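So the structure is just underneath, and the comments pick up after that.
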Amino acid sequence: MINLAIGRENEINQAIVSLIIRSLILLGPAGVGKTVLVEGIAYRIQKRDVLACLLDKKILMINTYFFLVRCFVGTSRNGGLAFLSRGDIQMIGATTTDEYQKYFALDDAFRRRFDAVILKEPEKIFCILF
């Protein structure tokens with residue numbers, strides 16, 4: 001496995017720290033590298049370059065993870081987020097900042113369970129490398 005998340009060490013470290021306690025939602029414009037960031041986290045887990053509490057974690061990539069995350073919004077009243085509260089699973093979702101504001105930011109239970117990491121465009125030097 002090759003780490004394609006070049007120049008994203010700060011965001012990967014922030015995401016890894018967030019995953020110690022909560023699930024994660026990555027925010028940023030389309031094409032900014034949200035999926036590559038998840039691959040960078042998986043790379044660090046595979047290389048055992050994470051905190052001990054994350055060494056046994058596995059990342060299962062599901063192409064519809066935005067849909068999966070979105071379907072949990074508003075389910076806190078009927079216990080739909082209980083499996084996240086208990087720590088049975090953790091999720092990593094990704095969406096744009098506009099979609100987050102429209103669908104997720106209004107759900108207090110969702111915001112308590114997901115830590116947001118905001119991605120911006122990478123620096124030009126890292127874009128030129130590829």
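Labels for the structure tokens follow display order: chains A, B, ..., residues from 1 in each chain, ligands from 1.
By only C-alpha atoms, and with residues fewer than 2 positions from Ile21 of chain A along its chain excluded, the set lying at most 12 Å from it is Ala15, Ile16, Val17, Ser18, Leu19, Ser23, Leu24, Cys53, Leu54, Leu84, Ser85, Arg86, Gly87, Asp88, Ile89, Gln90, Met91, Arg112, Arg113, Phe114 and Asp115 of chain A.
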Task: Straight-line distance linking atom CA of Leu37 of chain A with atom CA of Ile12 of chain A, stated in Å to one decimal - done: 6.6 Å
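With only C-alpha atoms as the atoms that count, the minimum distance from Arg44 of chain A to the choices A:Leu106, A:Ile118, A:Val32, A:Ala5 is reached by A:Ala5.
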Open item on the list: To one decimal place in Å, what is the distance between atom CA of Ala109 of chain A and atom CA of Ile92 of chain A?
Closed with: 16.0 Å
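Minimum distance to Leu27 of chain A across A:Ala105, A:Asn13, A:Arg48, A:Met61 (counting only C-alpha atoms) occurs at A:Ala105.
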Task: Best match for closeness to Lys57 of chain A among A:Ala116, A:Ile45, A:Ala30, A:Ala82, counting only C-alpha atoms - done: A:Ile45
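Minimum distance to Ile59 of chain A across A:Ile20, A:Thr96, A:Lys47, A:Ala42 (counting only C-alpha atoms) occurs at A:Ala42.
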TODO: Please indicate the distance in Å from atom CA of Lys58 of chain A to atom CA of Glu121 of chain A, rounded to one decimal place.
DONE: 27.1 Å
- [ ] Taking the chain letters and numbering used in this document, name the residues of segment 4-112 of chain A that DSSP puts in helix (DSSP H, G or I), as a VMD selection string.
- [x] chain A and resid 9 to 18 34 to 46 52 to 54 65 to 72 76 to 78 82 to 85 97 to 104 108 to 112
The selected residues should be written to file as a tab-separated table (two decimals), in the first residue's frame (atoms: C-alpha atoms).
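The result, stored in out_8.tsv:
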```tsv
chain	number	residue	atom	x	y	z
A	9	GLU	CA	0.10	14.97	7.72
A	10	ASN	CA	-1.55	17.67	9.85
A	11	GLU	CA	-5.05	16.60	8.78
A	12	ILE	CA	-4.22	12.90	9.20
A	13	ASN	CA	-2.88	13.53	12.70
A	14	GLN	CA	-5.99	15.56	13.57
A	15	ALA	CA	-8.21	12.77	12.25
A	16	ILE	CA	-6.31	10.10	14.18
A	17	VAL	CA	-6.65	12.06	17.42
A	18	SER	CA	-10.38	12.50	16.74
A	34	LYS	CA	-11.30	13.58	1.47
A	35	THR	CA	-11.08	10.00	0.18
A	36	VAL	CA	-7.29	10.19	-0.07
A	37	LEU	CA	-7.20	11.35	3.55
A	38	VAL	CA	-9.10	8.21	4.62
A	39	GLU	CA	-6.59	6.17	2.62
A	40	GLY	CA	-3.80	8.00	4.47
A	41	ILE	CA	-5.35	7.01	7.80
A	42	ALA	CA	-5.62	3.39	6.61
A	43	TYR	CA	-1.97	3.51	5.52
A	44	ARG	CA	-0.88	4.74	8.95
A	45	ILE	CA	-2.92	1.99	10.66
A	46	GLN	CA	-1.41	-0.65	8.37
A	52	ALA	CA	-1.98	1.94	20.49
A	53	CYS	CA	-5.75	2.24	20.89
A	54	LEU	CA	-6.14	2.38	17.08
A	65	TYR	CA	-20.62	6.24	3.02
A	66	PHE	CA	-22.07	9.73	2.59
A	67	PHE	CA	-25.49	8.13	2.25
A	68	LEU	CA	-24.83	5.94	5.28
A	69	VAL	CA	-23.84	8.91	7.40
A	70	ARG	CA	-26.70	11.02	6.11
A	71	CYS	CA	-29.31	8.39	6.96
A	72	PHE	CA	-28.29	8.59	10.64
A	76	SER	CA	-31.14	10.27	17.71
A	77	ARG	CA	-34.70	10.44	19.01
A	78	ASN	CA	-35.32	6.76	18.27
A	82	ALA	CA	-26.84	4.16	19.98
A	83	PHE	CA	-24.26	1.88	18.36
A	84	LEU	CA	-21.99	4.93	17.95
A	85	SER	CA	-22.60	6.04	21.54
A	97	THR	CA	-19.23	22.11	4.08
A	98	ASP	CA	-22.53	23.23	2.52
A	99	GLU	CA	-24.06	19.75	2.86
A	100	TYR	CA	-22.82	19.55	6.44
A	101	GLN	CA	-24.51	22.84	7.31
A	102	LYS	CA	-27.71	21.77	5.57
A	103	TYR	CA	-28.07	18.25	6.99
A	104	PHE	CA	-25.72	17.55	9.88
A	108	ASP	CA	-27.05	17.86	18.18
A	109	ALA	CA	-26.71	14.10	18.69
A	110	PHE	CA	-24.82	13.75	15.41
A	111	ARG	CA	-22.47	16.60	16.30
A	112	ARG	CA	-21.71	14.98	19.68
```
Open item on the list: Under the rule that only C-alpha atoms are counted, which of A:Val50, A:Leu26, A:Leu60, A:Leu55 is the nearest residue to Gly93 of chain A?
Closed with: A:Leu26
